[in-house]
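Structure below is structure.pdb: PDB, C-alpha atoms.
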ATOM      1  CA  MET A   1       0.000   0.000   0.000
ATOM      2  CA  LYS A   2       1.337   3.411  -0.888
ATOM      3  CA  THR A   3       2.164   5.783   1.940
ATOM      4  CA  VAL A   4      -0.285   8.531   0.952
ATOM      5  CA  GLY A   5      -3.040   5.981   0.431
ATOM      6  CA  SER A   6      -2.429   4.305   3.781
ATOM      7  CA  LEU A   7      -2.364   7.640   5.603
ATOM      8  CA  THR A   8      -5.579   8.688   3.890
ATOM      9  CA  LEU A   9      -7.223   5.395   4.812
ATOM     10  CA  THR A  10      -6.080   5.762   8.426
ATOM     11  CA  ALA A  11      -7.522   9.286   8.562
ATOM     12  CA  LEU A  12     -10.787   8.001   7.077
ATOM     13  CA  LEU A  13     -10.993   5.204   9.651
ATOM     14  CA  GLY A  14     -10.272   7.575  12.536
ATOM     15  CA  THR A  15     -12.803  10.152  11.400
ATOM     16  CA  THR A  16     -15.391   7.404  10.907
ATOM     17  CA  LEU A  17     -14.930   6.471  14.577
ATOM     18  CA  PHE A  18     -15.321  10.125  15.491
ATOM     19  CA  ALA A  19     -18.455  10.589  13.367
ATOM     20  CA  ALA A  20     -20.005   7.428  14.811
ATOM     21  CA  GLN A  21     -19.332   8.617  18.361
ATOM     22  CA  VAL A  22     -20.622  12.131  17.819
ATOM     23  CA  GLY A  23     -23.620  10.846  15.852
ATOM     24  CA  LEU A  24     -24.774   8.651  18.714
ATOM     25  CA  SER A  25     -23.677  10.940  21.559
ATOM     26  CA  LEU A  26     -27.276  11.771  22.470
ATOM     27  CA  ILE A  27     -27.901   8.136  23.441
ATOM     28  CA  PRO A  28     -25.990   7.395  26.659
ATOM     29  CA  ASN A  29     -23.555   4.497  26.337
ATOM     30  CA  ILE A  30     -24.877   3.204  23.026
ATOM     31  CA  GLU A  31     -21.980   3.509  20.623
ATOM     32  CA  LEU A  32     -20.461   2.017  17.496
ATOM     33  CA  VAL A  33     -16.851   2.827  18.382
ATOM     34  CA  SER A  34     -16.180  -0.538  20.057
ATOM     35  CA  LEU A  35     -17.625  -2.438  17.101
ATOM     36  CA  LEU A  36     -15.746  -0.354  14.541
ATOM     37  CA  ILE A  37     -12.458  -0.811  16.407
ATOM     38  CA  LEU A  38     -13.131  -4.544  16.514
ATOM     39  CA  LEU A  39     -13.769  -4.545  12.777
ATOM     40  CA  TYR A  40     -10.650  -2.488  12.084
ATOM     41  CA  CYS A  41      -8.636  -5.037  14.042
ATOM     42  CA  THR A  42     -10.080  -7.976  12.127
ATOM     43  CA  VAL A  43      -9.619  -6.385   8.698
ATOM     44  CA  PHE A  44      -6.644  -4.022   8.834
ATOM     45  CA  PRO A  45      -3.075  -4.405  10.138
ATOM     46  CA  PHE A  46      -2.356  -3.571  13.772
ATOM     47  CA  TRP A  47      -0.607  -0.274  13.033
ATOM     48  CA  GLN A  48      -3.559   0.962  10.989
ATOM     49  CA  ALA A  49      -6.156   0.140  13.634
ATOM     50  CA  PHE A  50      -3.963   1.679  16.323
ATOM     51  CA  SER A  51      -3.308   4.827  14.271
ATOM     52  CA  ALA A  52      -7.033   5.229  13.535
ATOM     53  CA  VAL A  53      -7.737   5.131  17.273
ATOM     54  CA  LEU A  54      -5.085   7.794  17.880
ATOM     55  CA  VAL A  55      -6.779   9.999  15.261
ATOM     56  CA  PHE A  56     -10.142   9.367  16.932
ATOM     57  CA  ASN A  57      -8.850  10.122  20.436
ATOM     58  CA  THR A  58      -7.230  13.344  19.254
ATOM     59  CA  LEU A  59     -10.397  14.509  17.475
ATOM     60  CA  GLU A  60     -12.437  13.724  20.597
ATOM     61  CA  ALA A  61     -10.090  15.790  22.758
ATOM     62  CA  LEU A  62     -10.197  18.681  20.287
ATOM     63  CA  LEU A  63     -14.005  18.678  20.213
ATOM     64  CA  TRP A  64     -14.847  17.987  23.858
ATOM     65  CA  GLY A  65     -11.776  19.486  25.534
ATOM     66  CA  PHE A  66      -8.865  18.034  27.420
ATOM     67  CA  GLY A  67      -9.777  16.442  30.737
ATOM     68  CA  GLU A  68      -8.873  13.323  32.664
ATOM     69  CA  TRP A  69     -11.169  11.338  30.391
ATOM     70  CA  VAL A  70      -8.710  11.921  27.520
ATOM     71  CA  ILE A  71      -6.111   9.872  29.387
ATOM     72  CA  GLY A  72      -8.731   7.159  29.796
ATOM     73  CA  TYR A  73      -9.439   7.129  26.064
ATOM     74  CA  PHE A  74      -5.734   6.833  25.280
ATOM     75  CA  VAL A  75      -5.620   3.815  27.607
ATOM     76  CA  VAL A  76      -8.951   2.054  27.065
ATOM     77  CA  TRP A  77      -9.273   2.055  23.272
ATOM     78  CA  PRO A  78      -5.708   0.819  22.601
ATOM     79  CA  LEU A  79      -6.346  -1.833  25.256
ATOM     80  CA  LEU A  80      -9.317  -3.043  23.197
ATOM     81  CA  ILE A  81      -7.057  -3.232  20.145
ATOM     82  CA  LEU A  82      -4.517  -5.353  22.005
ATOM     83  CA  LEU A  83      -7.276  -7.580  23.357
ATOM     84  CA  VAL A  84      -8.785  -8.156  19.913
ATOM     85  CA  PHE A  85      -5.453  -8.882  18.250
ATOM     86  CA  PHE A  86      -4.554 -11.293  21.055
ATOM     87  CA  LEU A  87      -7.906 -13.126  20.886
ATOM     88  CA  LYS A  88      -8.357 -13.020  17.109
ATOM     89  CA  PRO A  89      -6.875 -16.495  16.484
ATOM     90  CA  MET A  90      -9.136 -18.058  19.130
ATOM     91  CA  ILE A  91     -12.363 -16.256  18.266
ATOM     92  CA  GLN A  92     -11.794 -16.434  14.509
ATOM     93  CA  ASP A  93     -14.548 -14.655  12.600
ATOM     94  CA  LYS A  94     -17.613 -15.491  14.677
ATOM     95  CA  ALA A  95     -19.925 -12.546  15.333
ATOM     96  CA  SER A  96     -21.481 -14.257  18.367
ATOM     97  CA  ARG A  97     -18.084 -14.662  20.043
ATOM     98  CA  TRP A  98     -17.059 -11.094  19.258
ATOM     99  CA  ALA A  99     -20.414  -9.931  20.656
ATOM    100  CA  LEU A 100     -19.603 -11.594  23.982
ATOM    101  CA  LEU A 101     -16.181  -9.945  24.056
ATOM    102  CA  LEU A 102     -17.617  -6.491  23.355
ATOM    103  CA  ALA A 103     -20.358  -7.046  25.935
ATOM    104  CA  ALA A 104     -17.683  -7.796  28.530
ATOM    105  CA  PHE A 105     -15.678  -4.792  27.355
ATOM    106  CA  GLY A 106     -18.716  -2.531  27.711
ATOM    107  CA  LEU A 107     -19.401  -3.883  31.194
ATOM    108  CA  GLY A 108     -15.771  -3.271  32.171
ATOM    109  CA  PHE A 109     -15.419   0.114  30.476
ATOM    110  CA  GLY A 110     -16.193   2.105  33.611
ATOM    111  CA  ALA A 111     -13.868  -0.053  35.702
ATOM    112  CA  LEU A 112     -11.018   0.672  33.294
ATOM    113  CA  PHE A 113     -11.740   4.389  33.495
ATOM    114  CA  ALA A 114     -11.935   4.074  37.281
ATOM    115  CA  LEU A 115      -8.343   2.818  37.298
ATOM    116  CA  VAL A 116      -7.261   6.052  35.606
ATOM    117  CA  HIS A 117      -9.258   8.022  38.189
ATOM    118  CA  MET A 118      -7.619   6.040  41.001
ATOM    119  CA  VAL A 119      -4.164   6.943  39.731
ATOM    120  CA  LEU A 120      -5.059  10.605  39.274
ATOM    121  CA  PHE A 121      -7.373  11.272  42.219
ATOM    122  CA  GLY A 122      -7.050   8.398  44.680
ATOM    123  CA  VAL A 123      -8.655   5.040  45.332
ATOM    124  CA  HIS A 124     -11.844   6.386  46.911
ATOM    125  CA  THR A 125     -12.570   8.721  44.016
ATOM    126  CA  GLY A 126     -11.904   5.976  41.467
ATOM    127  CA  LEU A 127     -14.142   3.548  43.311
ATOM    128  CA  ALA A 128     -16.933   6.117  43.592
ATOM    129  CA  TYR A 129     -16.586   6.914  39.887
ATOM    130  CA  TRP A 130     -16.889   3.236  38.987
ATOM    131  CA  LEU A 131     -19.847   2.472  41.260
ATOM    132  CA  ALA A 132     -21.771   5.527  40.030
ATOM    133  CA  GLY A 133     -21.301   4.344  36.453
ATOM    134  CA  VAL A 134     -22.346   0.688  36.820
ATOM    135  CA  PRO A 135     -25.865   1.239  35.373
ATOM    136  CA  PHE A 136     -24.297   2.922  32.332
ATOM    137  CA  ASP A 137     -21.784   0.074  31.974
ATOM    138  CA  ILE A 138     -24.671  -2.395  31.858
ATOM    139  CA  ILE A 139     -26.288  -0.383  29.065
ATOM    140  CA  HIS A 140     -22.903  -0.190  27.326
ATOM    141  CA  GLY A 141     -22.374  -3.960  27.512
ATOM    142  CA  VAL A 142     -25.877  -4.848  26.313
ATOM    143  CA  GLY A 143     -25.673  -2.266  23.521
ATOM    144  CA  ASN A 144     -22.296  -3.600  22.358
ATOM    145  CA  TYR A 145     -23.642  -7.150  22.348
ATOM    146  CA  ILE A 146     -26.737  -6.331  20.294
ATOM    147  CA  LEU A 147     -24.960  -4.020  17.838
ATOM    148  CA  THR A 148     -22.218  -6.582  17.227
ATOM    149  CA  LEU A 149     -24.725  -9.352  16.532
ATOM    150  CA  LEU A 150     -26.687  -7.094  14.194
ATOM    151  CA  LEU A 151     -23.893  -5.313  12.322
ATOM    152  CA  TYR A 152     -20.623  -7.282  12.463
ATOM    153  CA  ASP A 153     -21.059  -9.358   9.302
ATOM    154  CA  SER A 154     -22.642  -6.621   7.209
ATOM    155  CA  LEU A 155     -19.966  -4.039   8.112
ATOM    156  CA  ARG A 156     -17.044  -6.430   7.756
ATOM    157  CA  LYS A 157     -17.688  -7.022   4.058
ATOM    158  CA  PRO A 158     -17.338  -3.392   2.887
ATOM    159  CA  LEU A 159     -14.325  -2.849   5.149
ATOM    160  CA  THR A 160     -12.643  -5.926   3.692
ATOM    161  CA  TRP A 161     -13.389  -4.617   0.197
ATOM    162  CA  LEU A 162     -11.945  -1.221   1.171
ATOM    163  CA  PHE A 163      -8.764  -2.819   2.503
ATOM    164  CA  GLN A 164      -8.326  -4.938  -0.626
ATOM    165  CA  ARG A 165      -8.768  -1.848  -2.804
ATOM    166  CA  ALA A 166      -6.285   0.101  -0.678
ATOM    167  CA  ILE A 167      -3.650  -2.623  -1.033
ATOM    168  CA  LYS A 168      -3.936  -2.485  -4.823
ATOM    169  CA  ALA A 169      -3.763   1.310  -4.903
TER     170      ALA A 169
END

So, in terms of structure tokens, how does the structure I just supplied come out?
Amino acid sequence: MKTVGSLTLTALLGTTLFAAQVGLSLIPNIELVSLLILLYCTVFPFWQAFSAVLVFNTLEALLWGFGEWVIGYFVVWPLLILLVFFLKPMIQDKASRWALLLAAFGLGFGALFALVHMVLFGVHTGLAYWLAGVPFDIIHGVGNYILTLLLYDSLRKPLTWLFQRAIKA
């Protein structure tokens, strides 16, 4: 893949994450970002998925401002990438298995953010942050599960086509 083409594709992937997040921001904890990152990891090389997440995180910080949550995003989303690439050989290409992984990720999302809060503000603050967010984590996990079951296969096909076209470019 040519350098300009790969950079353009990475920018497109990152801005797609951003558009998906902003587009669904009115619905608390229902998001396509987890699913799209999963798809990027199953279709594109590691560096491209990781770079797209860096673009996404940077755009988020520029739009919403720089706060402690930015640190969380730069920890949590790359952690999902590592998790997917590690589990990819075991899960293979089964939407139902990926749905379970993203459900667990959604349920644990607040706990991961709480770890960042613990480091920055202390154990009690991190624990309070996590406990206050448990209902939202449940919504996040259920939403991830349903969206993955509904959309994984139909979104994977055009992304695979896009990657194959980008390689030939």

Give me the residues near Glu31 of chain A as a compact mmCIF listing (two decimals) with C-alpha atoms, keeping the file's coordinate frame, where near means some atom within 9 Å (using all atoms listed in the file) and where sequence neighbours in that chain fewer than 6 positions away do not count.
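So the final result, stored in selection04.txt, reads:
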# COMPACT_ATOMS: atom_id res chain seq x y z
CA ALA A 20 -20.00 7.43 14.81
CA GLN A 21 -19.33 8.62 18.36
CA GLY A 23 -23.62 10.85 15.85
CA LEU A 24 -24.77 8.65 18.71
CA SER A 25 -23.68 10.94 21.56
CA HIS A 140 -22.90 -0.19 27.33
CA GLY A 143 -25.67 -2.27 23.52
CA ASN A 144 -22.30 -3.60 22.36
CA LEU A 147 -24.96 -4.02 17.84

Find, counting only C-alpha atoms, the residue in A:Gln48, A:Gln92, A:Thr42, A:Ser34 that gets nearest to Trp77 of chain A.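 Counting only C-alpha atoms, the residue closest to Trp77 of chain A is A:Ser34.
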
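Atom pair atom CA of Tyr152 of chain A / atom CA of Arg97 of chain A has a distance of 10.9 Å (rounded to one decimal).
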
Translate the PyMOL selection byres ((chain A and resi 126-128) around 12), as applied to the file shown, into an explicit residue set as a list in words.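 The output of the PyMOL selection byres ((chain A and resi 126-128) around 12) on this file is Glu68, Gly110, Ala111, Leu112, Phe113, Ala114, Leu115, Val116, His117, Met118, Val119, Leu120, Phe121, Gly122, Val123, His124, Thr125, Tyr129, Trp130, Leu131, Ala132, Gly133 and Val134 of chain A.
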
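Atom CA of Ala166 of chain A lies 10.6 Å from atom CA of Leu7 of chain A.
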
Measure the distance from atom CA of Ile30 of chain A to atom CA of Lys88 of chain A in Å and round it to one decimal.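 A separation of 23.9 Å between them.
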
What do you get, as number ranges by chain, if you spell out every residue that the PyMOL selection byres ((chain A and resi 12) around 12) selects here? A: 5-11, 13-19, 40, 48-49, 51-53, 55-56, 159, 162-163, 166

Counting only C-alpha atoms, which residue out of A:Trp69, A:Phe85, A:Trp64, A:Tyr145 sits closest to Trp98 of chain A? A:Tyr145

The PyMOL selection byres ((chain A and resi 153-157) around 12) on the file shown: which residues, as a PyMOL selection string? chain A and resi 32+35-44+93-96+98-99+147-152+158-164

May I ask which of the residues A:Ala103, A:Thr58, A:Phe109, A:Phe66 is the closest one to Leu79 of chain A, counting all atoms listed in the file? A:Phe109
